[in-house]
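structure-v2.txt (compact mmCIF, N, CA and C atoms and all ligand atoms)
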```txt
# COMPACT_ATOMS: atom_id res chain seq x y z
N MET A 2 -86.81 -151.22 -39.38
CA MET A 2 -88.25 -151.31 -39.12
C MET A 2 -88.81 -149.92 -38.78
N ALA A 3 -89.96 -149.62 -39.30
CA ALA A 3 -90.54 -148.30 -39.07
C ALA A 3 -90.93 -148.13 -37.60
N ASP A 4 -90.67 -146.93 -37.07
CA ASP A 4 -91.12 -146.68 -35.71
C ASP A 4 -92.42 -145.88 -35.76
N GLU A 5 -92.94 -145.56 -34.58
CA GLU A 5 -94.28 -144.98 -34.53
C GLU A 5 -94.37 -143.58 -35.13
N ASN A 6 -93.22 -142.89 -35.27
CA ASN A 6 -93.25 -141.56 -35.86
C ASN A 6 -92.97 -141.57 -37.36
N GLN A 7 -92.79 -142.74 -37.91
CA GLN A 7 -92.54 -142.84 -39.34
C GLN A 7 -93.81 -143.24 -40.07
N VAL A 8 -94.01 -142.62 -41.21
CA VAL A 8 -95.18 -142.92 -42.03
C VAL A 8 -94.69 -143.45 -43.38
N ASP A 9 -95.26 -144.56 -43.79
CA ASP A 9 -94.93 -145.16 -45.08
C ASP A 9 -95.71 -144.39 -46.16
N LEU A 10 -94.97 -143.72 -47.04
CA LEU A 10 -95.63 -142.88 -48.04
C LEU A 10 -95.92 -143.60 -49.34
N CYS A 11 -94.91 -144.31 -49.84
CA CYS A 11 -95.08 -144.92 -51.16
C CYS A 11 -93.88 -145.81 -51.45
N GLY A 12 -93.95 -146.48 -52.57
CA GLY A 12 -92.81 -147.26 -53.03
C GLY A 12 -91.79 -146.37 -53.71
N VAL A 13 -90.53 -146.77 -53.64
CA VAL A 13 -89.45 -145.99 -54.26
C VAL A 13 -89.73 -145.75 -55.75
N ASP A 14 -90.23 -146.76 -56.42
CA ASP A 14 -90.41 -146.68 -57.87
C ASP A 14 -91.64 -145.89 -58.30
N GLU A 15 -92.41 -145.40 -57.36
CA GLU A 15 -93.61 -144.64 -57.73
C GLU A 15 -93.30 -143.23 -58.18
N LEU A 16 -92.12 -142.74 -57.83
CA LEU A 16 -91.70 -141.40 -58.28
C LEU A 16 -90.40 -141.54 -59.07
N THR A 17 -90.31 -140.84 -60.17
CA THR A 17 -89.04 -140.77 -60.89
C THR A 17 -88.34 -139.48 -60.47
N VAL A 18 -87.07 -139.37 -60.80
CA VAL A 18 -86.28 -138.20 -60.41
C VAL A 18 -86.95 -136.93 -60.93
N GLY A 19 -87.16 -135.99 -60.04
CA GLY A 19 -87.82 -134.74 -60.40
C GLY A 19 -89.30 -134.71 -60.04
N ASP A 20 -89.86 -135.88 -59.78
CA ASP A 20 -91.28 -135.94 -59.40
C ASP A 20 -91.49 -135.43 -57.98
N ARG A 21 -92.65 -134.88 -57.73
CA ARG A 21 -93.04 -134.52 -56.37
C ARG A 21 -94.51 -134.89 -56.20
N ARG A 22 -94.84 -135.22 -54.94
CA ARG A 22 -96.21 -135.66 -54.67
C ARG A 22 -96.62 -135.17 -53.28
N ARG A 23 -97.86 -134.75 -53.19
CA ARG A 23 -98.41 -134.27 -51.92
C ARG A 23 -99.06 -135.40 -51.14
N PHE A 24 -98.80 -135.44 -49.84
CA PHE A 24 -99.42 -136.40 -48.93
C PHE A 24 -100.07 -135.64 -47.79
N GLU A 25 -101.26 -136.03 -47.45
CA GLU A 25 -101.95 -135.41 -46.31
C GLU A 25 -101.65 -136.23 -45.07
N LEU A 26 -100.84 -135.69 -44.17
CA LEU A 26 -100.44 -136.41 -42.96
C LEU A 26 -101.00 -135.71 -41.73
N SER A 27 -100.84 -136.35 -40.58
CA SER A 27 -101.40 -135.78 -39.35
C SER A 27 -100.75 -134.44 -39.00
N CYS A 28 -99.51 -134.22 -39.45
CA CYS A 28 -98.80 -132.96 -39.17
C CYS A 28 -99.12 -131.90 -40.22
N GLY A 29 -99.94 -132.24 -41.21
CA GLY A 29 -100.27 -131.32 -42.30
C GLY A 29 -99.78 -131.89 -43.62
N PRO A 30 -99.99 -131.15 -44.70
CA PRO A 30 -99.57 -131.66 -46.00
C PRO A 30 -98.05 -131.67 -46.14
N VAL A 31 -97.55 -132.76 -46.72
CA VAL A 31 -96.11 -132.92 -46.92
C VAL A 31 -95.86 -133.17 -48.40
N CYS A 32 -94.83 -132.52 -48.91
CA CYS A 32 -94.43 -132.68 -50.31
C CYS A 32 -93.21 -133.58 -50.35
N LEU A 33 -93.36 -134.75 -50.97
CA LEU A 33 -92.24 -135.66 -51.16
C LEU A 33 -91.66 -135.42 -52.55
N VAL A 34 -90.34 -135.29 -52.62
CA VAL A 34 -89.67 -135.02 -53.90
C VAL A 34 -88.59 -136.07 -54.11
N ARG A 35 -88.53 -136.62 -55.30
CA ARG A 35 -87.41 -137.50 -55.62
C ARG A 35 -86.33 -136.67 -56.29
N VAL A 36 -85.16 -136.66 -55.70
CA VAL A 36 -84.02 -135.91 -56.24
C VAL A 36 -82.98 -136.91 -56.72
N THR A 37 -81.86 -136.42 -57.20
CA THR A 37 -80.90 -137.31 -57.83
C THR A 37 -80.30 -138.32 -56.86
N ASP A 38 -80.15 -137.94 -55.59
CA ASP A 38 -79.54 -138.87 -54.64
C ASP A 38 -80.54 -139.45 -53.64
N GLY A 39 -81.81 -139.37 -53.92
CA GLY A 39 -82.79 -139.95 -53.00
C GLY A 39 -84.06 -139.15 -52.94
N PHE A 40 -84.56 -138.95 -51.73
CA PHE A 40 -85.84 -138.28 -51.53
C PHE A 40 -85.68 -137.16 -50.51
N ARG A 41 -86.52 -136.14 -50.64
CA ARG A 41 -86.62 -135.10 -49.64
C ARG A 41 -88.10 -134.89 -49.33
N ALA A 42 -88.38 -134.52 -48.10
CA ALA A 42 -89.77 -134.23 -47.70
C ALA A 42 -89.79 -132.85 -47.05
N ILE A 43 -90.72 -132.04 -47.49
CA ILE A 43 -90.82 -130.66 -47.03
C ILE A 43 -92.30 -130.35 -46.83
N SER A 44 -92.59 -129.48 -45.90
CA SER A 44 -93.99 -129.09 -45.72
C SER A 44 -94.55 -128.59 -47.06
N ASP A 45 -95.77 -128.97 -47.35
CA ASP A 45 -96.35 -128.56 -48.63
C ASP A 45 -97.16 -127.27 -48.49
N VAL A 46 -96.72 -126.43 -47.58
CA VAL A 46 -97.35 -125.11 -47.42
C VAL A 46 -96.23 -124.07 -47.48
N CYS A 47 -96.28 -123.22 -48.48
CA CYS A 47 -95.29 -122.14 -48.59
C CYS A 47 -95.35 -121.26 -47.34
N SER A 48 -94.21 -120.75 -46.91
CA SER A 48 -94.19 -119.90 -45.72
C SER A 48 -94.61 -118.47 -46.01
N HIS A 49 -94.79 -118.14 -47.27
CA HIS A 49 -95.21 -116.79 -47.64
C HIS A 49 -96.73 -116.66 -47.59
N GLU A 50 -97.39 -117.54 -48.31
CA GLU A 50 -98.85 -117.62 -48.26
C GLU A 50 -99.23 -119.09 -48.41
N ASP A 51 -100.50 -119.37 -48.27
CA ASP A 51 -100.95 -120.75 -48.21
C ASP A 51 -101.10 -121.34 -49.61
N PHE A 52 -99.96 -121.68 -50.21
CA PHE A 52 -99.98 -122.33 -51.51
C PHE A 52 -99.08 -123.55 -51.46
N ALA A 53 -99.41 -124.54 -52.30
CA ALA A 53 -98.71 -125.83 -52.26
C ALA A 53 -97.40 -125.78 -53.02
N LEU A 54 -96.31 -126.12 -52.33
CA LEU A 54 -95.00 -126.18 -53.01
C LEU A 54 -94.95 -127.33 -54.01
N SER A 55 -95.75 -128.37 -53.77
CA SER A 55 -95.72 -129.54 -54.67
C SER A 55 -96.17 -129.20 -56.08
N GLU A 56 -96.77 -128.04 -56.27
CA GLU A 56 -97.19 -127.65 -57.62
C GLU A 56 -96.12 -126.85 -58.33
N GLY A 57 -95.00 -126.64 -57.66
CA GLY A 57 -93.92 -125.87 -58.27
C GLY A 57 -92.88 -126.75 -58.94
N GLU A 58 -91.93 -126.09 -59.58
CA GLU A 58 -90.87 -126.80 -60.30
C GLU A 58 -89.74 -127.18 -59.34
N VAL A 59 -89.13 -128.32 -59.62
CA VAL A 59 -87.98 -128.77 -58.84
C VAL A 59 -86.70 -128.43 -59.61
N GLU A 60 -85.74 -127.87 -58.89
CA GLU A 60 -84.41 -127.57 -59.46
C GLU A 60 -83.46 -128.62 -58.92
N LEU A 61 -83.21 -129.65 -59.73
CA LEU A 61 -82.45 -130.80 -59.23
C LEU A 61 -81.00 -130.46 -58.90
N ASP A 62 -80.36 -129.65 -59.72
CA ASP A 62 -78.93 -129.39 -59.51
C ASP A 62 -78.65 -128.79 -58.14
N GLU A 63 -79.52 -127.91 -57.70
CA GLU A 63 -79.30 -127.24 -56.42
C GLU A 63 -80.24 -127.74 -55.33
N CYS A 64 -81.03 -128.74 -55.66
CA CYS A 64 -81.94 -129.36 -54.69
C CYS A 64 -82.90 -128.32 -54.10
N LEU A 65 -83.62 -127.63 -55.00
CA LEU A 65 -84.54 -126.58 -54.62
C LEU A 65 -85.92 -126.88 -55.19
N ILE A 66 -86.94 -126.27 -54.57
CA ILE A 66 -88.27 -126.28 -55.16
C ILE A 66 -88.77 -124.84 -55.21
N GLU A 67 -89.44 -124.53 -56.30
CA GLU A 67 -89.91 -123.16 -56.49
C GLU A 67 -91.40 -123.07 -56.18
N CYS A 68 -91.78 -122.11 -55.36
CA CYS A 68 -93.21 -121.86 -55.15
C CYS A 68 -93.78 -121.27 -56.44
N TRP A 69 -94.81 -121.92 -56.94
CA TRP A 69 -95.36 -121.51 -58.25
C TRP A 69 -96.05 -120.15 -58.16
N LYS A 70 -96.47 -119.76 -56.94
CA LYS A 70 -97.31 -118.57 -56.84
C LYS A 70 -96.52 -117.28 -57.03
N HIS A 71 -95.44 -117.14 -56.25
CA HIS A 71 -94.65 -115.89 -56.34
C HIS A 71 -93.17 -116.14 -56.60
N GLY A 72 -92.77 -117.38 -56.75
CA GLY A 72 -91.42 -117.67 -57.21
C GLY A 72 -90.34 -117.84 -56.18
N SER A 73 -90.65 -117.85 -54.90
CA SER A 73 -89.59 -118.11 -53.93
C SER A 73 -89.03 -119.51 -54.13
N MET A 74 -87.71 -119.62 -54.01
CA MET A 74 -87.05 -120.91 -54.09
C MET A 74 -86.74 -121.38 -52.67
N PHE A 75 -87.01 -122.64 -52.39
CA PHE A 75 -86.74 -123.20 -51.07
C PHE A 75 -85.76 -124.37 -51.20
N SER A 76 -84.82 -124.42 -50.25
CA SER A 76 -83.92 -125.56 -50.18
C SER A 76 -84.69 -126.79 -49.74
N LEU A 77 -84.55 -127.87 -50.48
CA LEU A 77 -85.18 -129.13 -50.06
C LEU A 77 -84.40 -129.79 -48.94
N ASP A 78 -83.18 -129.34 -48.70
CA ASP A 78 -82.37 -129.89 -47.61
C ASP A 78 -82.68 -129.23 -46.28
N THR A 79 -82.89 -127.93 -46.29
CA THR A 79 -83.05 -127.19 -45.03
C THR A 79 -84.41 -126.53 -44.89
N GLY A 80 -85.13 -126.34 -45.97
CA GLY A 80 -86.40 -125.62 -45.94
C GLY A 80 -86.23 -124.11 -45.98
N GLU A 81 -84.99 -123.64 -46.01
CA GLU A 81 -84.75 -122.19 -46.01
C GLU A 81 -85.13 -121.58 -47.36
N PRO A 82 -85.75 -120.40 -47.32
CA PRO A 82 -86.02 -119.71 -48.58
C PRO A 82 -84.72 -119.13 -49.14
N MET A 83 -84.52 -119.28 -50.42
CA MET A 83 -83.30 -118.79 -51.07
C MET A 83 -83.58 -117.51 -51.84
N SER A 84 -84.85 -117.13 -51.93
CA SER A 84 -85.20 -115.90 -52.65
C SER A 84 -86.53 -115.37 -52.11
N PHE A 85 -86.74 -114.09 -52.30
CA PHE A 85 -87.97 -113.44 -51.87
C PHE A 85 -89.13 -113.82 -52.80
N PRO A 86 -90.39 -113.62 -52.36
CA PRO A 86 -90.81 -112.87 -51.18
C PRO A 86 -90.82 -113.66 -49.87
N ALA A 87 -90.68 -114.96 -49.88
CA ALA A 87 -90.69 -115.71 -48.63
C ALA A 87 -89.44 -115.37 -47.83
N THR A 88 -89.59 -115.26 -46.52
CA THR A 88 -88.44 -114.97 -45.65
C THR A 88 -88.29 -116.01 -44.54
N GLN A 89 -89.29 -116.85 -44.37
CA GLN A 89 -89.25 -117.84 -43.29
C GLN A 89 -89.09 -119.24 -43.88
N PRO A 90 -88.38 -120.11 -43.15
CA PRO A 90 -88.23 -121.49 -43.65
C PRO A 90 -89.52 -122.28 -43.52
N VAL A 91 -89.59 -123.35 -44.24
CA VAL A 91 -90.68 -124.31 -44.07
C VAL A 91 -90.07 -125.59 -43.48
N PRO A 92 -90.82 -126.32 -42.68
CA PRO A 92 -90.27 -127.53 -42.06
C PRO A 92 -89.86 -128.57 -43.10
N VAL A 93 -88.78 -129.26 -42.79
CA VAL A 93 -88.38 -130.42 -43.59
C VAL A 93 -88.44 -131.65 -42.68
N PHE A 94 -88.57 -132.79 -43.29
CA PHE A 94 -88.77 -134.04 -42.54
C PHE A 94 -87.76 -135.08 -43.01
N GLU A 95 -87.31 -135.88 -42.05
CA GLU A 95 -86.33 -136.92 -42.36
C GLU A 95 -86.97 -138.03 -43.19
N VAL A 96 -86.29 -138.41 -44.23
CA VAL A 96 -86.80 -139.47 -45.10
C VAL A 96 -85.86 -140.67 -45.04
N THR A 97 -86.44 -141.84 -44.96
CA THR A 97 -85.67 -143.08 -44.95
C THR A 97 -86.23 -144.00 -46.03
N VAL A 98 -85.33 -144.67 -46.73
CA VAL A 98 -85.77 -145.68 -47.69
C VAL A 98 -85.47 -147.04 -47.07
N GLN A 99 -86.48 -147.86 -47.04
CA GLN A 99 -86.35 -149.15 -46.37
C GLN A 99 -87.17 -150.19 -47.11
N ASP A 100 -86.52 -151.23 -47.53
CA ASP A 100 -87.20 -152.35 -48.22
C ASP A 100 -88.04 -151.85 -49.39
N GLY A 101 -87.50 -150.88 -50.12
CA GLY A 101 -88.20 -150.39 -51.30
C GLY A 101 -89.32 -149.42 -51.01
N ARG A 102 -89.47 -149.04 -49.75
CA ARG A 102 -90.52 -148.10 -49.36
C ARG A 102 -89.90 -146.78 -48.90
N VAL A 103 -90.63 -145.70 -49.07
CA VAL A 103 -90.18 -144.37 -48.63
C VAL A 103 -90.95 -144.01 -47.36
N LEU A 104 -90.18 -143.80 -46.29
CA LEU A 104 -90.77 -143.48 -44.99
C LEU A 104 -90.38 -142.07 -44.60
N VAL A 105 -91.29 -141.35 -44.00
CA VAL A 105 -90.99 -140.01 -43.54
C VAL A 105 -91.25 -139.95 -42.03
N ARG A 106 -90.36 -139.23 -41.33
CA ARG A 106 -90.53 -139.08 -39.87
C ARG A 106 -91.22 -137.76 -39.60
N ILE A 107 -92.34 -137.83 -38.92
CA ILE A 107 -93.11 -136.62 -38.62
C ILE A 107 -93.14 -136.37 -37.12
N PRO A 108 -93.33 -135.13 -36.71
CA PRO A 108 -93.34 -134.82 -35.29
C PRO A 108 -94.56 -135.39 -34.57
S1 LIG B 201 -97.06 -118.06 -51.81
FE1 LIG B 201 -95.12 -118.94 -52.06
S2 LIG B 201 -93.86 -117.26 -52.56
FE2 LIG B 201 -95.79 -116.38 -52.24
```
Just dump the structure as structure tokens.
Amino acid sequence: MADENQVDLCGVDELTVGDRRRFELSCGPVCLVRVTDGFRAISDVCSHEDFALSEGEVELDECLIECWKHGSMFSLDTGEPMSFPATQPVPVFEVTVQDGRVLVRIP
């Protein structure tokens, strides 16, 4: 059962593998990504400049997302930048799948 810090984002079947979608939540914009083994949620604001990661390409094999603006790659597992120019991580959020729904835990 969802607790008060969990937000129901969408149904599991609304995204196919490789899809990403932006959600406007109380903690700010969040990018939900469907990867091969489930879902990841990451802040939808690049740590380099204010651009949306959800508009970038997803690298499924390594579970990364690329910022479309300057090309930094971010781990969808940790939020850490894997390449320049970004040097700071972006927040990641715990995702739970429950009864066919995708829930994200926000601070
Ligand atoms: S805005 Fe994302 S790498 Fe520059």
Please identify the strand (DSSP E) residues within chain A (assignment by DSSP from backbone atoms) and present them as a PyMOL selection string. chain A and resi 7-12+21-26+29-36+39-44+59-60+65-67+74-76+93-94+96-99+102-106
Residue subset to file, keeping N, CA and C atoms, as a short mmCIF file (atom, residue, chain, number, x, y, z; two decimals), keeping the file's coordinate frame:
```cif
data_model
loop_
_atom_site.label_atom_id
_atom_site.label_comp_id
_atom_site.auth_asym_id
_atom_site.auth_seq_id
_atom_site.Cartn_x
_atom_site.Cartn_y
_atom_site.Cartn_z
N GLN A 7 -92.79 -142.74 -37.91
CA GLN A 7 -92.54 -142.84 -39.34
C GLN A 7 -93.81 -143.24 -40.07
N VAL A 8 -94.01 -142.62 -41.21
CA VAL A 8 -95.18 -142.92 -42.03
C VAL A 8 -94.69 -143.45 -43.38
N ASP A 9 -95.26 -144.56 -43.79
CA ASP A 9 -94.93 -145.16 -45.08
C ASP A 9 -95.71 -144.39 -46.16
N LEU A 10 -94.97 -143.72 -47.04
CA LEU A 10 -95.63 -142.88 -48.04
C LEU A 10 -95.92 -143.60 -49.34
N CYS A 11 -94.91 -144.31 -49.84
CA CYS A 11 -95.08 -144.92 -51.16
C CYS A 11 -93.88 -145.81 -51.45
N GLY A 12 -93.95 -146.48 -52.57
CA GLY A 12 -92.81 -147.26 -53.03
C GLY A 12 -91.79 -146.37 -53.71
N ARG A 21 -92.65 -134.88 -57.73
CA ARG A 21 -93.04 -134.52 -56.37
C ARG A 21 -94.51 -134.89 -56.20
N ARG A 22 -94.84 -135.22 -54.94
CA ARG A 22 -96.21 -135.66 -54.67
C ARG A 22 -96.62 -135.17 -53.28
N ARG A 23 -97.86 -134.75 -53.19
CA ARG A 23 -98.41 -134.27 -51.92
C ARG A 23 -99.06 -135.40 -51.14
N PHE A 24 -98.80 -135.44 -49.84
CA PHE A 24 -99.42 -136.40 -48.93
C PHE A 24 -100.07 -135.64 -47.79
N GLU A 25 -101.26 -136.03 -47.45
CA GLU A 25 -101.95 -135.41 -46.31
C GLU A 25 -101.65 -136.23 -45.07
N LEU A 26 -100.84 -135.69 -44.17
CA LEU A 26 -100.44 -136.41 -42.96
C LEU A 26 -101.00 -135.71 -41.73
N GLY A 29 -99.94 -132.24 -41.21
CA GLY A 29 -100.27 -131.32 -42.30
C GLY A 29 -99.78 -131.89 -43.62
N PRO A 30 -99.99 -131.15 -44.70
CA PRO A 30 -99.57 -131.66 -46.00
C PRO A 30 -98.05 -131.67 -46.14
N VAL A 31 -97.55 -132.76 -46.72
CA VAL A 31 -96.11 -132.92 -46.92
C VAL A 31 -95.86 -133.17 -48.40
N CYS A 32 -94.83 -132.52 -48.91
CA CYS A 32 -94.43 -132.68 -50.31
C CYS A 32 -93.21 -133.58 -50.35
N LEU A 33 -93.36 -134.75 -50.97
CA LEU A 33 -92.24 -135.66 -51.16
C LEU A 33 -91.66 -135.42 -52.55
N VAL A 34 -90.34 -135.29 -52.62
CA VAL A 34 -89.67 -135.02 -53.90
C VAL A 34 -88.59 -136.07 -54.11
N ARG A 35 -88.53 -136.62 -55.30
CA ARG A 35 -87.41 -137.50 -55.62
C ARG A 35 -86.33 -136.67 -56.29
N VAL A 36 -85.16 -136.66 -55.70
CA VAL A 36 -84.02 -135.91 -56.24
C VAL A 36 -82.98 -136.91 -56.72
N GLY A 39 -81.81 -139.37 -53.92
CA GLY A 39 -82.79 -139.95 -53.00
C GLY A 39 -84.06 -139.15 -52.94
N PHE A 40 -84.56 -138.95 -51.73
CA PHE A 40 -85.84 -138.28 -51.53
C PHE A 40 -85.68 -137.16 -50.51
N ARG A 41 -86.52 -136.14 -50.64
CA ARG A 41 -86.62 -135.10 -49.64
C ARG A 41 -88.10 -134.89 -49.33
N ALA A 42 -88.38 -134.52 -48.10
CA ALA A 42 -89.77 -134.23 -47.70
C ALA A 42 -89.79 -132.85 -47.05
N ILE A 43 -90.72 -132.04 -47.49
CA ILE A 43 -90.82 -130.66 -47.03
C ILE A 43 -92.30 -130.35 -46.83
N SER A 44 -92.59 -129.48 -45.90
CA SER A 44 -93.99 -129.09 -45.72
C SER A 44 -94.55 -128.59 -47.06
N VAL A 59 -89.13 -128.32 -59.62
CA VAL A 59 -87.98 -128.77 -58.84
C VAL A 59 -86.70 -128.43 -59.61
N GLU A 60 -85.74 -127.87 -58.89
CA GLU A 60 -84.41 -127.57 -59.46
C GLU A 60 -83.46 -128.62 -58.92
N LEU A 65 -83.62 -127.63 -55.00
CA LEU A 65 -84.54 -126.58 -54.62
C LEU A 65 -85.92 -126.88 -55.19
N ILE A 66 -86.94 -126.27 -54.57
CA ILE A 66 -88.27 -126.28 -55.16
C ILE A 66 -88.77 -124.84 -55.21
N GLU A 67 -89.44 -124.53 -56.30
CA GLU A 67 -89.91 -123.16 -56.49
C GLU A 67 -91.40 -123.07 -56.18
N MET A 74 -87.71 -119.62 -54.01
CA MET A 74 -87.05 -120.91 -54.09
C MET A 74 -86.74 -121.38 -52.67
N PHE A 75 -87.01 -122.64 -52.39
CA PHE A 75 -86.74 -123.20 -51.07
C PHE A 75 -85.76 -124.37 -51.20
N SER A 76 -84.82 -124.42 -50.25
CA SER A 76 -83.92 -125.56 -50.18
C SER A 76 -84.69 -126.79 -49.74
N VAL A 93 -88.78 -129.26 -42.79
CA VAL A 93 -88.38 -130.42 -43.59
C VAL A 93 -88.44 -131.65 -42.68
N PHE A 94 -88.57 -132.79 -43.29
CA PHE A 94 -88.77 -134.04 -42.54
C PHE A 94 -87.76 -135.08 -43.01
N VAL A 96 -86.29 -138.41 -44.23
CA VAL A 96 -86.80 -139.47 -45.10
C VAL A 96 -85.86 -140.67 -45.04
N THR A 97 -86.44 -141.84 -44.96
CA THR A 97 -85.67 -143.08 -44.95
C THR A 97 -86.23 -144.00 -46.03
N VAL A 98 -85.33 -144.67 -46.73
CA VAL A 98 -85.77 -145.68 -47.69
C VAL A 98 -85.47 -147.04 -47.07
N GLN A 99 -86.48 -147.86 -47.04
CA GLN A 99 -86.35 -149.15 -46.37
C GLN A 99 -87.17 -150.19 -47.11
N ARG A 102 -89.47 -149.04 -49.75
CA ARG A 102 -90.52 -148.10 -49.36
C ARG A 102 -89.90 -146.78 -48.90
N VAL A 103 -90.63 -145.70 -49.07
CA VAL A 103 -90.18 -144.37 -48.63
C VAL A 103 -90.95 -144.01 -47.36
N LEU A 104 -90.18 -143.80 -46.29
CA LEU A 104 -90.77 -143.48 -44.99
C LEU A 104 -90.38 -142.07 -44.60
N VAL A 105 -91.29 -141.35 -44.00
CA VAL A 105 -90.99 -140.01 -43.54
C VAL A 105 -91.25 -139.95 -42.03
N ARG A 106 -90.36 -139.23 -41.33
CA ARG A 106 -90.53 -139.08 -39.87
C ARG A 106 -91.22 -137.76 -39.60
#
```
Of the listed residues A:Arg106, A:His71, A:Arg23, A:His49, that which approaches A:Gln89 most closely, counting all atoms listed in the file: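 Looking only at the distances to A:Gln89, the closest residue turns out to be A:His49.
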Would you compute the distance between atom S1 of ligand LIG 201 (chain B) and atom N of A:Asp9? Give it in Å to one decimal.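 If I compute the distance from atom S1 of ligand LIG 201 (chain B) to atom N of A:Asp9, I get 27.7 Å.
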From the set A:Leu61, A:Leu77, A:Leu54, A:Met83, which residue has the shortest atom-to-atom contact distance to ligand LIG 201 (chain B), counting only C-alpha atoms and all ligand atoms?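 Result for the nearest residue to ligand LIG 201 (chain B): A:Leu54.
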Each chain A residue no farther than 8 Å from ligand LIG 201 (chain B), nearest pair in Å, only C-alpha atoms and all ligand atoms, as JSON lines:
```
{"residue": "A:Cys47", "atom": "CA", "partner": "B:LIG201", "partner_atom": "FE1", "distance": 4.7}
{"residue": "A:Ser48", "atom": "CA", "partner": "B:LIG201", "partner_atom": "FE1", "distance": 6.5}
{"residue": "A:His49", "atom": "CA", "partner": "B:LIG201", "partner_atom": "FE2", "distance": 4.7}
{"residue": "A:Glu50", "atom": "CA", "partner": "B:LIG201", "partner_atom": "S1", "distance": 4.0}
{"residue": "A:Asp51", "atom": "CA", "partner": "B:LIG201", "partner_atom": "S1", "distance": 5.9}
{"residue": "A:Phe52", "atom": "CA", "partner": "B:LIG201", "partner_atom": "S1", "distance": 5.2}
{"residue": "A:Ala53", "atom": "CA", "partner": "B:LIG201", "partner_atom": "FE1", "distance": 7.8}
{"residue": "A:Leu54", "atom": "CA", "partner": "B:LIG201", "partner_atom": "FE1", "distance": 7.3}
{"residue": "A:Cys68", "atom": "CA", "partner": "B:LIG201", "partner_atom": "FE1", "distance": 4.7}
{"residue": "A:Trp69", "atom": "CA", "partner": "B:LIG201", "partner_atom": "FE1", "distance": 6.7}
{"residue": "A:Lys70", "atom": "CA", "partner": "B:LIG201", "partner_atom": "S1", "distance": 5.1}
{"residue": "A:His71", "atom": "CA", "partner": "B:LIG201", "partner_atom": "S2", "distance": 4.1}
{"residue": "A:Gly72", "atom": "CA", "partner": "B:LIG201", "partner_atom": "S2", "distance": 5.3}
{"residue": "A:Ser73", "atom": "CA", "partner": "B:LIG201", "partner_atom": "S2", "distance": 4.6}
{"residue": "A:Met74", "atom": "CA", "partner": "B:LIG201", "partner_atom": "S2", "distance": 7.9}
{"residue": "A:Phe85", "atom": "CA", "partner": "B:LIG201", "partner_atom": "S2", "distance": 7.1}
{"residue": "A:Pro86", "atom": "CA", "partner": "B:LIG201", "partner_atom": "S2", "distance": 5.5}
{"residue": "A:Ala87", "atom": "CA", "partner": "B:LIG201", "partner_atom": "S2", "distance": 5.3}
```
